[in-house]
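Colleague: target19.txt (compact mmCIF, C-alpha atoms) pasted underneath:
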# COMPACT_ATOMS: atom_id res chain seq x y z
CA MET A 1257 71.83 43.16 -59.42
CA ALA A 1258 71.30 46.11 -57.07
CA ASN A 1259 74.24 47.82 -55.36
CA ILE A 1260 72.28 48.18 -52.11
CA SER A 1261 72.79 45.39 -49.58
CA TYR A 1262 69.91 44.28 -47.38
CA LYS A 1263 69.96 42.65 -43.96
CA PHE A 1264 66.80 40.65 -44.66
CA HIS A 1265 65.54 38.94 -47.82
CA ILE A 1266 61.90 37.81 -47.76
CA GLY A 1267 60.57 35.44 -50.42
CA ILE A 1268 56.84 35.35 -51.13
CA ASP A 1269 55.10 32.83 -53.37
CA VAL A 1270 51.84 34.44 -54.50
CA SER A 1271 48.67 32.62 -55.48
CA LYS A 1272 45.11 33.85 -55.93
CA SER A 1273 44.02 33.24 -52.35
CA LYS A 1274 47.18 32.98 -50.22
CA LEU A 1275 50.76 34.07 -49.68
CA ASP A 1276 53.52 31.66 -48.65
CA VAL A 1277 56.27 33.67 -46.96
CA ALA A 1278 59.87 32.54 -46.32
CA LEU A 1279 61.66 34.80 -43.84
CA THR A 1280 64.64 32.78 -42.60
CA GLU A 1281 67.30 30.28 -43.63
CA ASP A 1282 65.60 27.38 -41.78
CA GLU A 1283 63.04 27.10 -44.64
CA SER A 1284 60.07 27.58 -42.35
CA VAL A 1285 57.15 29.18 -44.18
CA LEU A 1286 54.29 31.34 -42.93
CA GLN A 1287 50.94 31.63 -44.69
CA PHE A 1288 48.70 34.67 -45.06
CA THR A 1289 45.57 35.33 -47.06
CA ASN A 1290 46.06 37.39 -50.22
CA ASP A 1291 43.72 40.18 -49.14
CA LYS A 1292 43.95 43.44 -47.19
CA ALA A 1293 43.61 41.80 -43.76
CA GLY A 1294 46.15 39.08 -44.52
CA ILE A 1295 48.70 41.50 -45.98
CA ASP A 1296 48.28 43.85 -42.99
CA ASP A 1297 49.11 40.90 -40.71
CA LEU A 1298 52.12 40.09 -42.90
CA ILE A 1299 53.46 43.65 -42.75
CA LYS A 1300 53.22 43.67 -38.94
CA GLY A 1301 55.54 40.65 -38.77
CA LEU A 1302 58.17 41.84 -41.22
CA PRO A 1303 61.52 43.41 -40.29
CA SER A 1304 62.25 47.11 -40.81
CA PRO A 1305 61.40 48.22 -44.37
CA LYS A 1306 64.73 49.99 -44.93
CA ASP A 1307 66.67 46.78 -44.05
CA SER A 1308 64.50 44.43 -46.10
CA LEU A 1309 64.06 43.34 -49.69
CA VAL A 1310 60.82 41.52 -50.45
CA ILE A 1311 61.00 39.27 -53.51
CA LEU A 1312 57.80 38.32 -55.33
CA GLU A 1313 57.51 35.95 -58.26
CA ALA A 1314 55.43 37.27 -61.17
CA SER A 1315 52.12 35.37 -60.93
CA GLY A 1316 49.91 36.57 -63.75
CA GLY A 1317 48.82 39.70 -61.90
CA TYR A 1318 48.03 38.15 -58.50
CA GLU A 1319 51.20 39.80 -57.15
CA LYS A 1320 50.00 43.36 -57.89
CA PHE A 1321 47.86 43.80 -54.76
CA VAL A 1322 50.52 42.71 -52.28
CA PHE A 1323 53.16 44.69 -54.22
CA ASN A 1324 51.15 47.90 -53.93
CA LEU A 1325 50.44 47.51 -50.21
CA LEU A 1326 54.07 46.62 -49.39
CA ASN A 1327 55.29 49.52 -51.51
CA LYS A 1328 52.86 51.86 -49.77
CA SER A 1329 54.40 50.74 -46.44
CA LYS A 1330 57.86 51.78 -47.74
CA PHE A 1331 59.16 48.24 -48.35
CA ASN A 1332 61.65 47.58 -51.14
CA VAL A 1333 59.88 45.08 -53.40
CA SER A 1334 61.27 43.26 -56.44
CA ILE A 1335 59.12 41.24 -58.85
CA VAL A 1336 61.23 38.53 -60.49
CA ASN A 1337 60.74 36.32 -63.54
CA ALA A 1338 59.23 32.93 -62.65
CA LYS A 1339 61.34 31.12 -65.25
CA ARG A 1340 64.59 32.45 -63.78
CA VAL A 1341 63.54 31.31 -60.30
CA ARG A 1342 62.67 27.82 -61.57
CA GLU A 1343 66.02 27.51 -63.37
CA PHE A 1344 67.74 28.66 -60.19
CA ALA A 1345 65.90 25.94 -58.24
CA LYS A 1346 66.93 23.27 -60.76
CA ALA A 1347 70.55 24.42 -60.61
CA GLY A 1348 70.43 23.91 -56.84
CA GLY A 1349 68.94 20.43 -57.19
CA LYS A 1350 65.42 21.46 -56.13
CA LEU A 1351 63.27 19.52 -58.58
CA ALA A 1352 60.15 19.26 -56.43
CA LYS A 1353 57.71 22.15 -56.62
CA THR A 1354 55.24 23.25 -53.97
CA ASP A 1355 54.18 26.69 -52.76
CA CYS A 1356 56.30 26.32 -49.61
CA ILE A 1357 59.36 25.18 -51.56
CA ASP A 1358 58.85 28.00 -54.05
CA ALA A 1359 58.78 30.63 -51.29
CA CYS A 1360 62.13 29.39 -49.95
CA VAL A 1361 63.65 29.27 -53.42
CA ILE A 1362 62.43 32.81 -54.15
CA ARG A 1363 64.05 34.03 -50.91
CA ARG A 1364 67.35 32.32 -51.81
CA PHE A 1365 67.16 33.70 -55.35
CA GLY A 1366 66.77 37.22 -53.95
CA GLN A 1367 69.60 36.71 -51.49
CA THR A 1368 71.91 35.45 -54.25
CA PHE A 1369 71.16 37.98 -56.99
CA ASN A 1370 69.90 40.92 -54.90
CA PRO A 1371 67.57 42.26 -57.65
CA GLY A 1372 66.74 45.94 -57.64
CA PRO A 1373 63.36 47.02 -56.23
CA GLN A 1374 60.63 48.17 -58.59
CA ALA A 1375 59.18 51.66 -58.41
CA ARG A 1376 55.50 51.80 -57.66
CA VAL A 1377 53.41 52.02 -60.81
CA SER A 1378 51.08 55.03 -61.00
CA LYS A 1379 47.35 54.68 -61.57
CA GLU A 1380 47.78 56.17 -65.05
CA GLU A 1381 50.49 53.63 -65.94
CA GLU A 1382 48.25 50.80 -64.75
CA GLN A 1383 45.43 52.09 -66.96
CA ARG A 1384 47.66 52.28 -70.02
CA THR A 1385 49.05 48.79 -69.42
CA GLU A 1386 45.57 47.36 -68.89
CA MET A 1387 44.34 48.94 -72.14
CA LEU A 1388 47.35 47.63 -74.05
CA THR A 1389 46.84 44.12 -72.67
CA ARG A 1390 43.18 44.22 -73.68
CA ARG A 1391 44.12 45.45 -77.16
CA ARG A 1392 46.44 42.48 -77.66
CA GLN A 1393 43.71 40.10 -76.53
CA LEU A 1394 41.32 41.60 -79.07
CA VAL A 1395 43.87 41.36 -81.89
CA ARG A 1396 44.44 37.67 -81.10
CA ASN A 1397 40.70 36.97 -80.92
CA ILE A 1398 40.04 38.72 -84.25
CA ALA A 1399 42.79 36.70 -85.94
CA LEU A 1400 41.37 33.46 -84.49
CA GLU A 1401 37.82 34.28 -85.58
CA LYS A 1402 39.00 35.08 -89.11
CA GLN A 1403 40.69 31.67 -89.28
CA GLN A 1404 37.51 29.98 -88.11
CA ALA A 1405 35.43 31.85 -90.68
CA GLU A 1406 37.48 30.42 -93.57
CA HIS A 1407 36.08 26.91 -93.06
CA ALA A 1408 32.75 27.64 -91.37
CA SER A 1409 29.34 26.91 -92.87
CA LYS A 1410 27.28 29.82 -94.22
CA ASP A 1411 25.17 30.28 -91.07
CA ILE A 1412 28.12 30.02 -88.69
CA LYS A 1413 30.22 32.32 -90.88
CA LYS A 1414 27.58 35.06 -90.55
CA ARG A 1415 27.72 34.78 -86.75
CA ILE A 1416 31.52 34.86 -86.79
CA GLU A 1417 31.59 37.92 -89.05
CA LYS A 1418 29.15 39.66 -86.71
CA HIS A 1419 31.43 38.87 -83.78
CA ILE A 1420 34.47 40.13 -85.71
CA ARG A 1421 32.71 43.46 -86.34
CA PHE A 1422 32.00 43.75 -82.62
CA LEU A 1423 35.63 42.96 -81.72
CA GLU A 1424 36.89 45.50 -84.27
CA GLU A 1425 34.63 48.16 -82.73
CA GLU A 1426 36.09 47.29 -79.31
CA LEU A 1427 39.59 47.50 -80.80
CA GLU A 1428 38.89 50.98 -82.11
CA TRP A 1429 37.48 52.04 -78.72
CA ILE A 1430 40.67 50.78 -77.03
CA ARG A 1431 42.85 52.68 -79.51
CA ASN A 1432 40.94 55.91 -78.87
CA LYS A 1433 41.07 55.37 -75.12
CA LEU A 1434 44.85 54.79 -75.25
CA LYS A 1435 45.29 57.96 -77.32
CA MET A 1436 43.26 59.89 -74.76
CA LEU A 1437 45.43 58.56 -71.92
CA PHE A 1438 48.58 59.60 -73.80
CA ASN A 1439 47.15 63.07 -74.45
CA LYS A 1440 46.63 63.55 -70.71
CA ASP A 1441 50.40 63.33 -70.15
CA ALA A 1442 52.24 66.14 -71.96
CA VAL A 1443 55.65 64.40 -71.79
CA LEU A 1444 54.29 61.06 -73.01
CA LYS A 1445 52.29 62.79 -75.74
CA ALA A 1446 55.46 64.49 -77.03
CA LYS A 1447 57.31 61.17 -77.09
CA LEU A 1448 54.46 59.52 -78.99
CA GLU A 1449 54.36 62.28 -81.59
CA LYS A 1450 58.13 62.01 -82.04
CA LEU A 1451 58.18 58.24 -82.59
CA ASP A 1452 55.06 58.34 -84.75
CA LYS A 1453 57.00 60.38 -87.33
CA ILE A 1454 59.27 57.39 -88.09
CA LYS A 1455 58.06 55.78 -91.30
CA GLY A 1456 56.94 52.22 -90.58
CA VAL A 1457 56.42 52.70 -86.86
CA GLY A 1458 52.99 54.27 -86.57
CA GLU A 1459 51.00 55.44 -83.58
CA VAL A 1460 49.93 52.03 -82.24
CA THR A 1461 53.45 50.57 -82.34
CA ALA A 1462 54.85 53.71 -80.71
CA MET A 1463 52.28 53.40 -77.90
CA ASP A 1464 53.16 49.71 -77.45
CA ILE A 1465 56.85 50.46 -77.05
CA LEU A 1466 56.41 53.50 -74.78
CA ILE A 1467 54.12 51.55 -72.44
CA ASP A 1468 56.16 48.35 -72.32
CA MET A 1469 59.54 50.11 -72.25
CA PRO A 1470 59.10 53.23 -70.10
CA GLU A 1471 62.89 53.37 -69.63
CA LEU A 1472 63.27 54.46 -73.28
CA GLY A 1473 65.48 57.55 -73.43
CA THR A 1474 67.43 56.74 -70.26
CA LEU A 1475 69.40 53.74 -71.58
CA SER A 1476 72.69 53.19 -73.35
CA PRO A 1477 72.48 51.62 -76.85
CA LYS A 1478 73.50 48.22 -75.45
CA GLU A 1479 70.98 48.44 -72.61
CA ALA A 1480 68.17 49.43 -75.01
CA SER A 1481 68.84 46.53 -77.39
CA ALA A 1482 69.21 44.03 -74.51
CA LEU A 1483 65.99 45.19 -72.82
CA ALA A 1484 64.13 44.87 -76.12
CA GLY A 1485 65.53 41.35 -76.58
CA VAL A 1486 67.38 42.09 -79.83
CA ALA A 1487 70.97 42.06 -78.54
CA PRO A 1488 73.07 39.16 -79.87
CA PHE A 1489 74.96 37.09 -77.29
CA ASN A 1490 78.07 35.00 -77.92
CA LYS A 1491 77.94 31.21 -77.57
CA ASP A 1492 81.65 30.31 -77.52
CA SER A 1493 83.48 27.56 -75.66
CA GLY A 1494 87.18 26.90 -76.05
CA GLN A 1495 87.98 26.90 -79.76
CA TYR A 1496 84.31 26.51 -80.68
CA LYS A 1497 82.77 29.71 -81.94
CA GLY A 1498 78.98 29.44 -81.91
CA LYS A 1499 76.48 31.64 -83.65
CA ARG A 1500 75.50 34.81 -81.84
CA GLU A 1501 71.85 34.65 -80.88
CA ILE A 1502 69.35 36.98 -79.24
CA ALA A 1503 67.93 35.94 -75.87
CA GLY A 1504 65.85 37.38 -73.05
CA GLY A 1505 64.44 40.89 -73.10
CA ARG A 1506 60.81 41.93 -73.32
CA ALA A 1507 58.96 39.81 -75.85
CA SER A 1508 56.18 42.38 -76.27
CA VAL A 1509 58.67 45.09 -77.31
CA ARG A 1510 60.42 42.68 -79.67
CA SER A 1511 57.08 41.80 -81.30
CA ALA A 1512 56.23 45.48 -81.77
CA LEU A 1513 59.63 46.15 -83.35
CA TYR A 1514 59.23 43.15 -85.66
CA MET A 1515 55.88 44.41 -86.97
CA ALA A 1516 57.37 47.88 -87.46
CA ILE A 1517 60.31 46.54 -89.47
CA LEU A 1518 58.01 44.50 -91.75
CA THR A 1519 56.64 47.84 -92.95
CA ALA A 1520 59.76 49.97 -92.55
CA LYS A 1521 61.96 47.75 -94.73
CA LYS A 1522 59.58 48.50 -97.62
CA PHE A 1523 58.65 52.14 -97.08
CA ASN A 1524 61.36 53.70 -94.89
CA PRO A 1525 64.29 54.55 -97.23
CA GLN A 1526 66.96 54.38 -94.52
CA ILE A 1527 65.84 51.06 -93.05
CA LYS A 1528 65.25 49.61 -96.51
CA GLU A 1529 68.79 50.58 -97.56
CA PHE A 1530 70.24 49.05 -94.39
CA TYR A 1531 68.21 45.84 -94.76
CA ASP A 1532 69.09 45.44 -98.46
CA ARG A 1533 72.78 46.03 -97.71
CA LEU A 1534 72.78 43.22 -95.14
CA ILE A 1535 71.05 40.84 -97.57
CA LEU A 1536 73.65 41.67 -100.27
CA LYS A 1537 76.37 40.77 -97.77
CA GLY A 1538 74.84 37.30 -97.50
CA LYS A 1539 73.03 37.73 -94.19
CA LEU A 1540 69.95 35.60 -93.63
CA LYS A 1541 66.65 37.49 -93.80
CA LYS A 1542 65.96 36.74 -90.14
CA VAL A 1543 69.39 38.08 -89.13
CA ALA A 1544 68.84 41.22 -91.22
CA MET A 1545 65.41 41.74 -89.62
CA VAL A 1546 66.83 41.51 -86.11
CA ALA A 1547 69.66 43.91 -87.01
CA CYS A 1548 67.07 46.42 -88.27
CA MET A 1549 65.02 45.96 -85.10
CA ARG A 1550 68.14 46.64 -83.03
CA LYS A 1551 68.95 49.77 -85.04
CA LEU A 1552 65.39 51.01 -84.68
CA ILE A 1553 65.17 50.68 -80.90
CA ILE A 1554 68.62 52.30 -80.50
CA ILE A 1555 67.49 55.24 -82.65
CA MET A 1556 64.19 55.53 -80.75
CA ASN A 1557 66.13 55.61 -77.49
CA ALA A 1558 68.46 58.32 -78.85
CA MET A 1559 65.55 60.40 -80.16
CA ILE A 1560 63.86 60.44 -76.75
CA ARG A 1561 67.15 60.96 -74.89
CA ASP A 1562 68.38 63.83 -77.11
CA ASP A 1563 64.94 65.26 -77.91
CA SER A 1564 65.78 64.93 -81.60
CA GLU A 1565 63.71 64.13 -84.67
CA TRP A 1566 63.94 61.07 -86.93
CA GLN A 1567 65.81 62.89 -89.73
CA ALA A 1568 68.57 63.92 -87.34
CA ALA A 1569 68.77 60.48 -85.74
CA GLU A 1570 68.92 58.53 -88.99
CA THR A 1571 71.96 60.43 -90.30
CA LYS A 1572 74.02 59.48 -87.27
CA SER A 1573 72.99 55.84 -87.06
CA PHE A 1574 72.90 54.48 -90.64
Hey, can you dump this file as structure tokens for me?

Modeller:
Amino acid sequence: MANISYKFHIGIDVSKSKLDVALTEDESVLQFTNDKAGIDDLIKGLPSPKDSLVILEASGGYEKFVFNLLNKSKFNVSIVNAKRVREFAKAGGKLAKTDCIDACVIRRFGQTFNPGPQARVSKEEEQRTEMLTRRRQLVRNIALEKQQAEHASKDIKKRIEKHIRFLEEELEWIRNKLKMLFNKDAVLKAKLEKLDKIKGVGEVTAMDILIDMPELGTLSPKEASALAGVAPFNKDSGQYKGKREIAGGRASVRSALYMAILTAKKFNPQIKEFYDRLILKGKLKKVAMVACMRKLIIIMNAMIRDDSEWQAAETKSF
């Protein structure tokens, strides 16, 4: 929740072709086309940028264009999680779902929680994110094709294997392109080289985490683990003491950490020792994995924050 208070909260439900905009408490909704002309008309009718917070629901990328134009016009814009907005609507008894209803719910969500505005993403950041998204798509497609090849006939298998080779070439091109984009930014390049030195992490995982968690190095240990989705939360009520479980956070960062720990718990002496110690204490393997993931992201955050190397960080943290 942001500390800044705003006089106006504007909720916008974004779809591919139109914007449903809720400006007031009376639940009246205005519609604009989701293009340059429509957004220009929208901006003309909005209150003063400094007094307003515009709340957009994440819509699979359709929100990017309106976000950029509003941001360029000095508006404070916050992109919120669609699931949180839907749960908020259910909590208020709003079970029906239409674009108009959604716009009003988004406005009320923003008014209630006053989320902080996002900084405008640079062109370079957009490029890196786009490349990373494409890389993940290719990895999924390769895995799917390999599964299909296991049970395919001889002729079909040849075609699948040919397609896999093409996808792997594309994957290598993406990796090289990402490396080139990192090399263009001296600060980002230094961070990548630092994290790449951690045994078990590797260059690709380091790039994943630096792109999806640009805040790395500016967070407290608790904030870093929560943002990565590896912070355990209590589930207690009265005398009942439930198991602590992880929740929320950025799934993409959590996935990258998980893959890193699969390797690190075998080949990184410090992480292996920590993992084995937890298992000897009777911890479940899954619990031990998450604990290692949490340690790793906290150490990464400290390394970037303190401009330190892995050897220095590991001594303090394990």

Colleague: In terms of the shortest atom-to-atom distance over all atoms listed in the file, which of A:Val1395, A:Val1310, A:Val1377, A:Val1486 is closest to A:Phe1365?

Modeller: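 The shortest atom-to-atom distance to A:Phe1365 comes from A:Val1310.
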
Colleague: For a test of reading the model, state the distance in Å between atom CA of A:Pro1371 and atom CA of A:Ile1311, rounded to one decimal.

Modeller: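 Atom CA of A:Ile1311 lies 8.3 Å from atom CA of A:Pro1371.
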
Colleague: Just checking: using all atoms listed in the file, which residue out of A:Ser1315, A:Lys1300, A:Leu1472, A:Asn1332 ends up closest to A:Ile1260?

Modeller: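 Residue with the minimum atom-to-atom distance to A:Ile1260: A:Asn1332.
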
Colleague: Identify which of the residues A:Phe1523, A:Trp1429, A:Trp1566, A:Phe1344 lies closest to A:Arg1390, counting only C-alpha atoms when measuring atom-to-atom distances.

Modeller: A:Trp1429

Colleague: Work out how far atom CA of A:Lys1450 is from atom CA of A:Arg1561, in Å to one decimal.

Modeller: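 These atoms are spaced 11.6 Å apart.
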
Colleague: Which residues come within 7 Å of stretch 1289-1295 of chain A, counting all atoms listed in the file, excluding same-chain residues fewer than 2 positions away, as a list in words?

Modeller: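 Here the qualifying residues turn out to be Lys1272, Ser1273, Lys1274, Leu1275, Gln1287, Asp1297, Leu1298, Ile1299 and Val1322 of chain A.
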
Colleague: Kindly indicate which residue among A:Arg1415, A:Asp1269, A:Ile1335, A:Asn1327 lies nearest to A:Ile1357, using only C-alpha atoms for the distances.

Modeller: A:Asp1269

Colleague: Would you mind putting N, CA and C atoms back on stretch 1524-1539 of chain A and writing the result as a PDB file, in the coordinates of the input?

Modeller:
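Output saved as rebuild21.pdb:
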ATOM      1  N   ASN A1524      60.436  52.755 -95.520  1.00  0.00           N
ATOM      2  CA  ASN A1524      61.360  53.700 -94.890  1.00  0.00           C
ATOM      3  C   ASN A1524      62.700  53.606 -95.640  1.00  0.00           C
ATOM      4  N   PRO A1525      63.095  54.635 -96.384  1.00  0.00           N
ATOM      5  CA  PRO A1525      64.290  54.550 -97.230  1.00  0.00           C
ATOM      6  C   PRO A1525      65.558  54.137 -96.473  1.00  0.00           C
ATOM      7  N   GLN A1526      65.744  54.677 -95.277  1.00  0.00           N
ATOM      8  CA  GLN A1526      66.960  54.380 -94.520  1.00  0.00           C
ATOM      9  C   GLN A1526      66.998  52.928 -94.054  1.00  0.00           C
ATOM     10  N   ILE A1527      65.878  52.449 -93.529  1.00  0.00           N
ATOM     11  CA  ILE A1527      65.840  51.060 -93.050  1.00  0.00           C
ATOM     12  C   ILE A1527      65.894  50.098 -94.232  1.00  0.00           C
ATOM     13  N   LYS A1528      65.214  50.462 -95.311  1.00  0.00           N
ATOM     14  CA  LYS A1528      65.250  49.610 -96.510  1.00  0.00           C
ATOM     15  C   LYS A1528      66.681  49.478 -97.030  1.00  0.00           C
ATOM     16  N   GLU A1529      67.404  50.603 -97.075  1.00  0.00           N
ATOM     17  CA  GLU A1529      68.790  50.580 -97.560  1.00  0.00           C
ATOM     18  C   GLU A1529      69.656  49.712 -96.653  1.00  0.00           C
ATOM     19  N   PHE A1530      69.464  49.830 -95.348  1.00  0.00           N
ATOM     20  CA  PHE A1530      70.240  49.050 -94.390  1.00  0.00           C
ATOM     21  C   PHE A1530      69.925  47.556 -94.512  1.00  0.00           C
ATOM     22  N   TYR A1531      68.636  47.234 -94.620  1.00  0.00           N
ATOM     23  CA  TYR A1531      68.210  45.840 -94.760  1.00  0.00           C
ATOM     24  C   TYR A1531      68.766  45.230 -96.054  1.00  0.00           C
ATOM     25  N   ASP A1532      68.613  45.944 -97.162  1.00  0.00           N
ATOM     26  CA  ASP A1532      69.090  45.440 -98.460  1.00  0.00           C
ATOM     27  C   ASP A1532      70.604  45.237 -98.448  1.00  0.00           C
ATOM     28  N   ARG A1533      71.321  46.137 -97.781  1.00  0.00           N
ATOM     29  CA  ARG A1533      72.780  46.030 -97.710  1.00  0.00           C
ATOM     30  C   ARG A1533      73.190  44.762 -96.966  1.00  0.00           C
ATOM     31  N   LEU A1534      72.478  44.444 -95.902  1.00  0.00           N
ATOM     32  CA  LEU A1534      72.780  43.220 -95.140  1.00  0.00           C
ATOM     33  C   LEU A1534      72.492  41.968 -95.971  1.00  0.00           C
ATOM     34  N   ILE A1535      71.403  41.984 -96.713  1.00  0.00           N
ATOM     35  CA  ILE A1535      71.050  40.840 -97.570  1.00  0.00           C
ATOM     36  C   ILE A1535      72.121  40.638 -98.644  1.00  0.00           C
ATOM     37  N   LEU A1536      72.604  41.748 -99.242  1.00  0.00           N
ATOM     38  CA  LEU A1536      73.650  41.670-100.270  1.00  0.00           C
ATOM     39  C   LEU A1536      74.955  41.092 -99.713  1.00  0.00           C
ATOM     40  N   LYS A1537      75.167  41.311 -98.417  1.00  0.00           N
ATOM     41  CA  LYS A1537      76.370  40.770 -97.770  1.00  0.00           C
ATOM     42  C   LYS A1537      76.227  39.288 -97.447  1.00  0.00           C
ATOM     43  N   GLY A1538      75.049  38.724 -97.733  1.00  0.00           N
ATOM     44  CA  GLY A1538      74.840  37.300 -97.500  1.00  0.00           C
ATOM     45  C   GLY A1538      74.175  36.966 -96.177  1.00  0.00           C
ATOM     46  N   LYS A1539      73.702  37.981 -95.460  1.00  0.00           N
ATOM     47  CA  LYS A1539      73.030  37.730 -94.190  1.00  0.00           C
ATOM     48  C   LYS A1539      71.667  37.087 -94.438  1.00  0.00           C
TER      49      LYS A1539
END
